[in-house]
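Engineer: Contents of target.cif (mmCIF, C-alpha atoms) are below:
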```cif
data_my_file
#
loop_
_atom_site.label_atom_id
_atom_site.label_comp_id
_atom_site.auth_asym_id
_atom_site.auth_seq_id
_atom_site.Cartn_x
_atom_site.Cartn_y
_atom_site.Cartn_z
CA MET E 1 65.13 134.07 107.57
CA LEU E 2 62.18 131.67 107.63
CA ASN E 3 60.49 130.88 104.33
CA SER E 4 56.72 130.91 104.01
CA GLU E 5 55.04 127.97 102.29
CA LYS E 6 54.29 130.25 99.34
CA ASP E 7 57.96 131.29 99.09
CA LEU E 8 59.08 127.66 99.09
CA ARG E 9 56.52 126.81 96.38
CA ILE E 10 57.77 129.66 94.22
CA SER E 11 61.38 128.54 94.68
CA LYS E 12 60.46 124.96 93.75
CA MET E 13 58.57 126.15 90.66
CA LEU E 14 61.57 128.21 89.59
CA ARG E 15 63.91 125.24 90.04
CA LEU E 16 61.61 122.91 88.09
CA TRP E 17 61.40 125.50 85.31
CA TYR E 18 65.19 125.84 85.37
CA ASP E 19 65.69 122.10 85.09
CA SER E 20 63.73 122.11 81.83
CA HIS E 21 64.88 125.40 80.32
CA LYS E 22 68.45 126.12 81.46
CA ARG E 23 71.10 126.76 78.87
CA ASP E 24 74.05 124.38 78.65
CA LEU E 25 76.91 126.66 79.72
CA PRO E 26 80.47 125.62 80.67
CA TRP E 27 80.50 127.30 84.08
CA ARG E 28 77.44 125.25 85.06
CA HIS E 29 79.50 122.06 84.81
CA THR E 30 82.04 123.02 87.47
CA ASN E 31 82.31 123.80 91.17
CA ASP E 32 85.62 125.58 90.63
CA PRO E 33 85.18 129.02 92.26
CA TYR E 34 87.84 130.51 89.99
CA LEU E 35 85.99 129.59 86.78
CA ILE E 36 82.67 130.70 88.29
CA TRP E 37 84.28 134.03 89.28
CA ILE E 38 85.62 134.62 85.76
CA SER E 39 82.25 133.80 84.19
CA GLU E 40 80.38 136.15 86.53
CA ILE E 41 82.70 139.09 85.85
CA ILE E 42 82.43 138.55 82.09
CA LEU E 43 78.65 138.23 82.20
CA GLN E 44 78.29 141.46 84.17
CA GLN E 45 79.14 143.35 81.00
CA THR E 46 78.05 141.24 78.05
CA ARG E 47 75.35 138.80 76.98
CA VAL E 48 75.92 135.08 77.34
CA ASP E 49 76.17 134.46 73.59
CA GLN E 50 78.92 137.08 73.29
CA GLY E 51 80.59 136.18 76.57
CA LEU E 52 81.13 132.52 75.75
CA ASP E 53 84.02 133.14 73.36
CA TYR E 54 85.67 135.49 75.84
CA PHE E 55 85.27 132.93 78.63
CA TYR E 56 86.85 130.16 76.57
CA ARG E 57 89.68 132.37 75.37
CA PHE E 58 90.41 133.82 78.81
CA THR E 59 90.29 130.53 80.72
CA GLU E 60 92.28 128.67 78.07
CA ARG E 61 95.12 131.15 78.58
CA PHE E 62 94.60 131.49 82.36
CA PRO E 63 93.08 128.13 83.45
CA THR E 64 93.85 128.62 87.16
CA VAL E 65 94.08 131.50 89.57
CA LEU E 66 97.86 131.01 89.71
CA ASP E 67 98.14 131.29 85.93
CA LEU E 68 96.30 134.60 86.13
CA ALA E 69 98.39 135.83 89.07
CA ASN E 70 101.67 135.00 87.29
CA ALA E 71 100.70 136.87 84.11
CA GLN E 72 101.55 140.48 83.32
CA GLU E 73 98.68 142.93 83.62
CA GLU E 74 99.21 144.06 80.02
CA GLU E 75 98.61 140.51 78.76
CA VAL E 76 95.48 140.17 80.91
CA LEU E 77 94.13 143.39 79.39
CA LYS E 78 94.87 142.06 75.90
CA TYR E 79 92.79 138.94 76.57
CA TRP E 80 90.02 141.15 77.98
CA GLN E 81 90.05 143.38 74.89
CA GLY E 82 86.62 144.10 73.50
CA LEU E 83 84.72 143.50 76.73
CA GLY E 84 85.13 147.01 78.07
CA TYR E 85 85.19 148.00 81.76
CA TYR E 86 88.92 147.30 81.85
CA SER E 87 89.07 148.12 85.57
CA ARG E 88 87.42 144.74 86.07
CA ALA E 89 90.25 142.99 84.27
CA ARG E 90 92.77 144.86 86.39
CA ASN E 91 90.84 143.85 89.51
CA LEU E 92 90.81 140.22 88.36
CA HIS E 93 94.57 140.26 88.03
CA ALA E 94 95.14 142.11 91.32
CA THR E 95 92.82 139.72 93.15
CA ALA E 96 94.57 136.68 91.68
CA VAL E 97 97.85 138.06 93.02
CA ILE E 98 96.24 138.50 96.47
CA ILE E 99 94.98 134.89 96.40
CA LYS E 100 98.45 133.72 95.43
CA GLU E 101 100.15 135.69 98.20
CA GLN E 102 97.61 135.41 101.03
CA TYR E 103 95.91 132.08 100.33
CA ALA E 104 98.78 130.11 98.75
CA GLY E 105 97.00 130.17 95.40
CA VAL E 106 93.84 128.50 96.72
CA PHE E 107 90.57 130.38 96.24
CA PRO E 108 89.20 131.28 99.71
CA THR E 109 86.17 129.26 100.79
CA GLN E 110 84.57 131.59 103.37
CA HIS E 111 81.96 134.12 102.20
CA LYS E 112 83.49 136.98 104.18
CA GLU E 113 86.91 136.26 102.68
CA VAL E 114 85.50 136.14 99.15
CA LEU E 115 83.57 139.37 99.74
CA ALA E 116 86.74 141.10 100.96
CA LEU E 117 88.57 140.43 97.68
CA LYS E 118 89.19 143.36 95.35
CA GLY E 119 86.45 143.85 92.76
CA ILE E 120 84.04 141.35 94.36
CA GLY E 121 80.81 142.80 95.72
CA GLU E 122 77.75 141.30 97.40
CA TYR E 123 76.29 139.88 94.18
CA THR E 124 79.50 138.25 92.93
CA ALA E 125 80.36 136.83 96.36
CA ALA E 126 76.86 135.33 96.63
CA ALA E 127 77.14 133.83 93.14
CA ILE E 128 80.57 132.28 93.75
CA THR E 129 79.81 130.83 97.19
CA SER E 130 76.34 129.51 96.32
CA PHE E 131 77.33 128.02 92.95
CA ALA E 132 80.59 126.49 94.19
CA TRP E 133 79.58 125.35 97.70
CA ASN E 134 75.78 125.83 97.93
CA MET E 135 76.19 128.50 100.61
CA PRO E 136 72.94 130.29 101.60
CA TYR E 137 73.57 133.70 100.01
CA ALA E 138 70.97 135.15 97.64
CA VAL E 139 72.04 136.77 94.37
CA VAL E 140 70.48 140.09 93.42
CA ASP E 141 71.35 141.25 89.90
CA GLY E 142 69.40 143.02 87.16
CA ASN E 143 67.48 139.89 86.22
CA VAL E 144 66.55 139.20 89.84
CA PHE E 145 65.47 142.83 90.38
CA ARG E 146 63.10 142.49 87.43
CA VAL E 147 61.62 139.16 88.51
CA LEU E 148 61.09 140.22 92.11
CA SER E 149 59.68 143.64 91.24
CA ARG E 150 57.05 142.10 88.94
CA LEU E 151 56.32 139.11 91.12
CA PHE E 152 55.62 141.21 94.23
CA GLY E 153 54.60 144.48 92.52
CA VAL E 154 57.36 146.47 94.20
CA SER E 155 57.14 150.18 93.42
CA ASP E 156 60.26 151.13 95.38
CA PRO E 157 62.98 152.20 92.90
CA ILE E 158 65.73 149.62 92.49
CA ASP E 159 68.40 152.33 92.33
CA THR E 160 67.88 153.65 95.89
CA GLY E 161 69.27 152.41 99.17
CA LYS E 162 65.79 151.63 100.46
CA GLY E 163 64.88 149.76 97.29
CA LYS E 164 68.06 147.66 97.26
CA LYS E 165 67.53 146.72 100.91
CA LEU E 166 63.94 145.65 100.22
CA PHE E 167 64.90 143.57 97.18
CA THR E 168 67.67 141.86 99.13
CA GLU E 169 65.15 140.93 101.82
CA LEU E 170 62.75 139.56 99.20
CA ALA E 171 65.55 137.56 97.55
CA TYR E 172 66.43 135.94 100.88
CA ALA E 173 62.76 135.28 101.64
CA LEU E 174 62.54 133.17 98.46
CA LEU E 175 65.89 131.42 98.94
CA ASP E 176 65.36 127.74 99.75
CA VAL E 177 68.57 127.22 101.72
CA PRO E 178 69.16 123.49 100.99
CA HIS E 179 68.96 124.35 97.26
CA ALA E 180 70.64 127.78 97.39
CA GLY E 181 72.90 127.40 94.38
CA GLU E 182 70.25 125.91 92.13
CA HIS E 183 67.68 128.50 93.26
CA ASN E 184 70.06 131.37 92.46
CA GLN E 185 70.82 129.92 89.04
CA ALA E 186 67.11 129.42 88.42
CA ILE E 187 65.90 132.92 89.27
CA MET E 188 68.70 134.52 87.25
CA GLU E 189 67.98 132.29 84.24
CA PHE E 190 64.25 132.95 84.61
CA GLY E 191 64.91 136.68 84.33
CA ALA E 192 67.25 136.17 81.38
CA LEU E 193 64.95 133.92 79.33
CA GLN E 194 61.37 134.22 80.57
CA CYS E 195 60.78 137.42 82.53
CA VAL E 196 62.68 139.56 80.03
CA PRO E 197 62.63 143.40 79.91
CA GLN E 198 60.48 143.70 76.78
CA SER E 199 57.60 141.40 75.80
CA PRO E 200 58.01 138.83 78.57
CA GLN E 201 56.31 135.48 78.01
CA CYS E 202 53.59 136.01 80.62
CA ALA E 203 51.00 133.72 78.99
CA ALA E 204 53.34 130.75 79.43
CA CYS E 205 54.81 131.77 82.80
CA VAL E 206 54.87 129.23 85.62
CA LEU E 207 54.60 132.06 88.16
CA GLN E 208 51.60 133.67 86.49
CA ASP E 209 49.21 132.90 89.38
CA HIS E 210 51.59 134.48 91.89
CA CYS E 211 52.60 137.57 89.90
CA VAL E 212 51.20 140.93 91.04
CA ALA E 213 52.32 142.71 87.84
CA PHE E 214 50.51 140.18 85.65
CA ALA E 215 47.36 140.35 87.77
CA THR E 216 47.28 144.15 87.54
CA ASN E 217 48.29 144.30 83.85
CA SER E 218 51.33 146.41 84.74
CA VAL E 219 54.26 144.17 83.78
CA GLN E 220 56.04 146.88 81.77
CA SER E 221 55.88 149.26 84.73
CA TYR E 222 58.47 147.21 86.64
CA PRO E 223 61.12 147.55 87.79
CA VAL E 224 60.92 151.19 88.83
CA LYS E 225 64.00 153.39 88.51
CA GLN E 226 64.43 156.84 89.99
CA GLN E 227 67.82 158.22 89.09
CA LYS E 228 68.83 159.29 85.62
CA ILE E 229 72.48 158.85 84.71
CA LYS E 230 74.19 162.02 83.57
CA VAL E 231 75.86 161.37 80.22
CA THR E 232 78.98 163.28 79.16
CA ASN E 233 79.95 163.85 75.53
CA ARG E 234 83.66 163.71 74.65
CA TYR E 235 85.40 164.52 71.37
CA LEU E 236 88.55 162.58 70.50
CA HIS E 237 90.99 163.00 67.61
CA TYR E 238 93.37 160.09 67.05
CA PHE E 239 96.44 160.22 64.84
CA HIS E 240 97.61 157.00 63.23
CA ILE E 241 101.07 158.23 62.39
CA VAL E 242 102.98 156.24 59.80
CA LEU E 243 106.73 156.63 59.29
CA ASP E 244 108.04 153.98 56.92
CA ASP E 245 106.85 150.73 58.56
CA LYS E 246 106.57 152.26 62.06
CA THR E 247 103.77 153.87 64.05
CA TYR E 248 103.41 155.47 67.48
CA LEU E 249 101.51 154.51 70.63
CA HIS E 250 101.25 155.54 74.23
CA ARG E 251 99.73 153.83 77.26
CA ARG E 252 96.93 155.55 79.13
CA ASP E 253 98.04 155.96 82.74
CA LYS E 254 95.53 158.44 84.14
CA LYS E 255 92.49 157.39 86.13
CA ASP E 256 90.13 157.65 83.21
CA ILE E 257 88.52 155.32 80.71
CA TRP E 258 90.79 152.58 79.32
CA GLN E 259 93.50 152.99 81.94
CA GLY E 260 96.47 150.80 81.05
CA LEU E 261 95.49 150.36 77.39
CA PHE E 262 97.46 151.54 74.38
CA GLU E 263 96.30 154.07 71.83
CA PHE E 264 97.52 156.37 69.07
CA PRO E 265 98.51 159.94 69.89
CA LEU E 266 95.33 161.73 70.89
CA ILE E 267 93.98 165.25 71.16
CA GLU E 268 90.71 165.75 73.03
CA THR E 269 88.67 168.89 72.35
CA ALA E 270 85.72 170.46 74.12
CA GLY E 271 83.43 170.04 71.12
CA LEU E 272 83.30 169.07 67.48
CA GLN E 273 86.40 170.26 65.64
CA THR E 274 87.35 170.32 61.98
CA TYR E 275 90.87 169.38 60.97
CA ASP E 276 91.57 172.94 59.84
CA ALA E 277 90.64 174.20 63.29
CA LEU E 278 92.55 171.38 64.97
CA VAL E 279 95.87 172.28 63.32
CA GLN E 280 95.63 175.73 64.90
CA THR E 281 95.55 174.38 68.45
CA ASP E 282 98.62 174.36 70.69
CA ALA E 283 98.17 170.63 71.29
CA TYR E 284 98.45 169.86 67.57
CA LYS E 285 101.45 172.12 67.09
CA GLN E 286 103.24 170.50 70.04
CA LEU E 287 102.44 166.98 68.83
CA PHE E 288 103.77 167.54 65.32
CA GLU E 289 106.63 169.85 66.26
CA GLY E 290 109.53 169.16 63.91
CA CYS E 291 107.59 166.62 61.85
CA SER E 292 107.48 166.63 58.08
CA ILE E 293 103.98 165.59 56.97
CA LYS E 294 103.59 163.92 53.54
CA HIS E 295 99.90 163.00 53.49
CA ILE E 296 96.80 163.24 55.71
CA THR E 297 93.64 161.09 55.44
CA LEU E 298 90.51 161.20 57.57
CA SER E 299 90.17 157.41 57.85
CA LEU E 300 87.21 157.22 60.24
CA ALA E 301 85.00 160.25 60.77
CA ASN E 302 82.85 161.14 63.78
CA LYS E 303 82.64 157.56 65.04
CA LYS E 304 80.11 157.39 67.90
CA HIS E 305 81.07 155.05 70.72
CA VAL E 306 78.80 154.70 73.76
CA LEU E 307 80.11 153.88 77.24
CA SER E 308 78.06 153.61 80.43
CA HIS E 309 78.21 157.31 81.35
CA GLN E 310 79.91 158.79 78.31
CA VAL E 311 79.33 159.16 74.60
CA LEU E 312 82.52 159.45 72.58
CA TYR E 313 82.80 161.02 69.12
CA ALA E 314 86.09 160.08 67.51
CA ASN E 315 87.97 161.00 64.36
CA PHE E 316 90.88 158.86 63.22
CA TYR E 317 93.44 160.53 60.96
CA THR E 318 96.14 158.60 59.12
CA ILE E 319 99.18 160.85 58.83
CA GLU E 320 102.18 159.80 56.79
CA LEU E 321 105.50 161.38 57.78
CA SER E 322 108.78 161.70 55.99
CA ARG E 323 110.48 162.82 59.21
CA ALA E 324 109.56 162.58 62.90
CA GLY E 325 110.03 165.49 65.26
CA ALA E 326 110.53 166.19 68.95
CA GLY E 327 106.77 166.21 69.56
CA LEU E 328 106.72 162.42 69.25
CA ASP E 329 109.56 161.78 71.69
CA GLY E 330 107.12 160.87 74.46
CA TYR E 331 105.50 158.13 72.40
CA GLN E 332 106.53 154.53 71.84
CA GLN E 333 107.59 153.81 68.27
CA ILE E 334 106.64 150.30 67.21
CA ALA E 335 106.63 148.23 64.04
CA SER E 336 103.19 148.57 62.46
CA GLU E 337 102.95 144.80 62.03
CA THR E 338 103.04 144.35 65.84
CA LEU E 339 99.97 146.53 66.52
CA ASP E 340 97.77 143.48 67.11
CA SER E 341 99.89 142.43 70.08
CA PHE E 342 98.99 145.53 72.11
CA ALA E 343 95.91 145.76 74.33
CA VAL E 344 93.68 148.52 72.97
CA SER E 345 90.17 149.81 73.60
CA ARG E 346 87.17 148.56 71.65
CA LEU E 347 87.08 151.92 69.85
CA MET E 348 90.69 151.50 68.69
CA HIS E 349 89.94 147.90 67.75
CA ILE E 350 87.03 149.01 65.55
CA TYR E 351 89.36 151.36 63.69
CA LEU E 352 92.05 148.70 63.27
CA GLU E 353 89.48 146.20 61.95
CA LYS E 354 88.32 148.77 59.41
CA MET E 355 91.87 149.40 58.24
CA ALA E 356 92.80 145.70 58.02
#
```
Starting from the coordinates I provided, produce the structure as structure tokens.
Structural biologist:
Amino acid sequence: MLNSEKDLRISKMLRLWYDSHKRDLPWRHTNDPYLIWISEIILQQTRVDQGLDYFYRFTERFPTVLDLANAQEEEVLKYWQGLGYYSRARNLHATAVIIKEQYAGVFPTQHKEVLALKGIGEYTAAAITSFAWNMPYAVVDGNVFRVLSRLFGVSDPIDTGKGKKLFTELAYALLDVPHAGEHNQAIMEFGALQCVPQSPQCAACVLQDHCVAFATNSVQSYPVKQQKIKVTNRYLHYFHIVLDDKTYLHRRDKKDIWQGLFEFPLIETAGLQTYDALVQTDAYKQLFEGCSIKHITLSLANKKHVLSHQVLYANFYTIELSRAGAGLDGYQQIASETLDSFAVSRLMHIYLEKMA
């Protein structure tokens, strides 16, 4: 796609702004596609200031794609703990194995090969190939959507097929091919630091004279979204069962949230449920069949935990036993002191931190 003179000026202005304002981040000091890949997956679900520690921890343990491929999935999930979206960690591991087996442990260098890897979509493939090898692929993420929508006054919703196609075309129109990697870094950083969602710094914006939203005093109207995400409420009751110095866990194996992570025995109900009502359910009777209960404590009550499409309300009960029964046969008995070595959800981690 040919760039207009205006498009090239805007790209140059963004790159000059970036040169003066960019944050000093470790993945900006490397052309290693593996490290760039890890940073992009982490930053898709957390802010840079929070993601830095995870990046350092993860890449210190798995410094190369082969180190990641040779690890057990359970360990990878443990190092991902707290970030959420654990399917991404599983995809990272599965993709590392593919690179080991199909590419002899060398990260593929062709865009189509990178795009074909498990868990890597158009945005991530564009980021990896442009940052590592300056390939001419435009990134389009949330920050870029916001910058482009305001800059060009685009009223098409970003969450429709038509809107995404239009924004991709605009992103490529601005892309100065000889400077593809730097341009992509610049427009993303501009959206993260300057053209922010709330109270953007329009008075000091280098693109002020080119921005339709600023000229029409409608900055907060962009970007436009059409679809509303349906949110589901779920009600979880966890049982931290203590028998001497042992407790019980199981690993989630269904295609649901936190697949592959460990948790305490759990009963999920259709709505809010008191403990007195809970003990009358078949699920509770089956779980504690044959058990001798000494003491029960509601350790964490009605804890609200928000996921992308779900809101969880969780109760954590500490239940001391003098004898275990057949209802716990399907659970893994572990020494309580080893709990920290198991990969658990952020919700479980919050409880464990509280009890520490």
Engineer: My list of candidates is E:Ala324, E:Ala356, E:Leu287, E:Ile229. Which is closest to E:Gln310 when distances are computed with only C-alpha atoms?
Structural biologist: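 Selected residue with least distance to E:Gln310: E:Ile229.
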Engineer: Tell me, in Å to one decimal, how far atom CA of E:Cys202 is from atom CA of E:Leu151.
Structural biologist: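 Answer for the atom CA of E:Cys202 to atom CA of E:Leu151 separation: 11.3 Å.
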Engineer: Please evaluate the PyMOL selection byres ((chain E and resi 298-305) around 9) against the displayed coordinates and give the resulting residues as a list in words.
Structural biologist: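 Here the PyMOL selection byres ((chain E and resi 298-305) around 9) matches Tyr235, Leu236, Leu272, Tyr275, Ile296, Thr297, Val306, Leu307, Gln310, Val311, Leu312, Tyr313, Ala314, Asn315, Phe316, Tyr317, Thr318, Ile319, Arg346, Leu347, Tyr351, Lys354 and Met355 of chain E.
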Engineer: Please compute the atom CA of E:Asn70-atom CA of E:Phe55 distance, one decimal, in Å.
Structural biologist: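 Computing it gives 18.7 Å between the two atoms.
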Engineer: Which of these residues is nearest to E:Asp19, using only C-alpha atoms: E:Tyr331, E:Glu189, E:Ala213, E:Asp245?
Structural biologist: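 Of the candidates, the smallest distance to E:Asp19 is held by E:Glu189.
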Engineer: Counting only C-alpha atoms, I want the residues whose atoms come within 12 Å of (83.4, 133.2, 72.6) in the file frame, returned as a list of chain:residue names.
Structural biologist: E:Leu25, E:Pro26, E:Ser39, E:Ile42, E:Leu43, E:Thr46, E:Arg47, E:Val48, E:Asp49, E:Gln50, E:Gly51, E:Leu52, E:Asp53, E:Tyr54, E:Phe55, E:Tyr56, E:Arg57, E:Phe58, E:Thr59, E:Glu60, E:Tyr79, E:Trp80, E:Gly82, E:Leu83
Engineer: Do you know which residues the PyMOL selection byres ((chain E and resi 260) around 9) returns on this file, as a VMD selection string?
Structural biologist: chain E and resid 73 to 74 77 86 90 251 to 254 258 to 259 261 to 262 343 to 344
Engineer: Apply the PyMOL selection byres ((chain E and resi 219) around 10) to the file shown and report the selected residues as a list in words.
Structural biologist: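 The output of the PyMOL selection byres ((chain E and resi 219) around 10) on this file is Arg146, Ser149, Arg150, Leu151, Gly153, Cys195, Pro197, Gln198, Ser199, Pro200, Cys202, Cys211, Val212, Ala213, Phe214, Ala215, Thr216, Asn217, Ser218, Gln220, Ser221, Tyr222 and Pro223 of chain E.
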Engineer: Between E:Asn3, E:Thr281, E:Gln44, E:Thr338, which has the minimum distance to E:Tyr248 (counting all atoms listed in the file)?
Structural biologist: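 Of all the options, E:Thr338 lies closest to E:Tyr248.
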Engineer: Output as JSON lines one row per residue of stretch 126-212 of chain E within 10 Å of stretch 93-112 of chain E: the closest atom pair and its distance in Å to one decimal place, counting only C-alpha atoms, sorted by chain and residue number ascending.
Structural biologist:
```
{"residue": "E:Ala126", "atom": "CA", "partner": "E:His111", "partner_atom": "CA", "distance": 7.6}
{"residue": "E:Ile128", "atom": "CA", "partner": "E:His111", "partner_atom": "CA", "distance": 8.8}
{"residue": "E:Thr129", "atom": "CA", "partner": "E:His111", "partner_atom": "CA", "distance": 6.4}
{"residue": "E:Ser130", "atom": "CA", "partner": "E:His111", "partner_atom": "CA", "distance": 9.3}
{"residue": "E:Ala132", "atom": "CA", "partner": "E:Thr109", "partner_atom": "CA", "distance": 9.1}
{"residue": "E:Trp133", "atom": "CA", "partner": "E:Thr109", "partner_atom": "CA", "distance": 8.3}
{"residue": "E:Met135", "atom": "CA", "partner": "E:His111", "partner_atom": "CA", "distance": 8.2}
{"residue": "E:Pro136", "atom": "CA", "partner": "E:His111", "partner_atom": "CA", "distance": 9.8}
{"residue": "E:Tyr137", "atom": "CA", "partner": "E:His111", "partner_atom": "CA", "distance": 8.7}
```
Engineer: Between atom CA of E:Phe264 and atom CA of E:Leu249, what distance in Å does the model show, to one decimal?
Structural biologist: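 So the answer is 4.7 Å.
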Engineer: Generate the missing atoms of stretch 315-338 of chain E up to N, CA and C atoms and report them as a compact mmCIF listing (two decimals), in the frame of the given file.
Structural biologist:
```
# COMPACT_ATOMS: atom_id res chain seq x y z
N ASN E 315 87.42 160.95 65.70
CA ASN E 315 87.97 161.00 64.36
C ASN E 315 89.33 160.31 64.37
N PHE E 316 89.58 159.50 63.37
CA PHE E 316 90.88 158.86 63.22
C PHE E 316 91.53 159.38 61.94
N TYR E 317 92.69 160.01 62.10
CA TYR E 317 93.44 160.53 60.96
C TYR E 317 94.67 159.65 60.73
N THR E 318 94.89 159.27 59.49
CA THR E 318 96.14 158.60 59.12
C THR E 318 97.08 159.66 58.57
N ILE E 319 98.23 159.80 59.20
CA ILE E 319 99.18 160.85 58.83
C ILE E 319 100.52 160.21 58.48
N GLU E 320 100.90 160.34 57.23
CA GLU E 320 102.18 159.80 56.79
C GLU E 320 103.26 160.86 56.95
N LEU E 321 104.38 160.48 57.56
CA LEU E 321 105.50 161.38 57.78
C LEU E 321 106.71 160.98 56.94
N SER E 322 107.48 161.98 56.57
CA SER E 322 108.78 161.70 55.99
C SER E 322 109.88 161.90 57.03
N ARG E 323 109.51 162.60 58.12
CA ARG E 323 110.48 162.82 59.21
C ARG E 323 109.70 163.02 60.50
N ALA E 324 110.15 162.38 61.59
CA ALA E 324 109.56 162.58 62.90
C ALA E 324 110.22 163.75 63.60
N GLY E 325 109.50 164.35 64.53
CA GLY E 325 110.03 165.49 65.26
C GLY E 325 110.01 165.26 66.76
N ALA E 326 110.41 166.30 67.49
CA ALA E 326 110.53 166.19 68.95
C ALA E 326 109.18 165.97 69.64
N GLY E 327 108.10 166.37 68.96
CA GLY E 327 106.77 166.21 69.56
C GLY E 327 106.38 164.77 69.79
N LEU E 328 107.05 163.84 69.11
CA LEU E 328 106.72 162.42 69.25
C LEU E 328 107.66 161.68 70.19
N ASP E 329 108.56 162.44 70.82
CA ASP E 329 109.56 161.78 71.69
C ASP E 329 108.92 161.04 72.86
N GLY E 330 107.75 161.50 73.30
CA GLY E 330 107.12 160.87 74.46
C GLY E 330 106.29 159.65 74.11
N TYR E 331 106.30 159.26 72.83
CA TYR E 331 105.50 158.13 72.40
C TYR E 331 106.39 156.94 72.07
N GLN E 332 105.80 155.76 72.13
CA GLN E 332 106.53 154.53 71.84
C GLN E 332 106.43 154.23 70.36
N GLN E 333 107.59 154.16 69.69
CA GLN E 333 107.59 153.81 68.27
C GLN E 333 107.63 152.29 68.16
N ILE E 334 106.71 151.75 67.36
CA ILE E 334 106.64 150.30 67.21
C ILE E 334 106.55 149.95 65.72
N ALA E 335 106.85 148.72 65.39
CA ALA E 335 106.63 148.23 64.04
C ALA E 335 105.13 148.09 63.81
N SER E 336 104.64 148.60 62.72
CA SER E 336 103.19 148.57 62.46
C SER E 336 102.63 147.15 62.49
N GLU E 337 103.43 146.18 62.09
CA GLU E 337 102.95 144.80 62.03
C GLU E 337 102.71 144.20 63.42
N THR E 338 103.21 144.88 64.48
CA THR E 338 103.04 144.35 65.84
C THR E 338 101.85 144.98 66.56
```
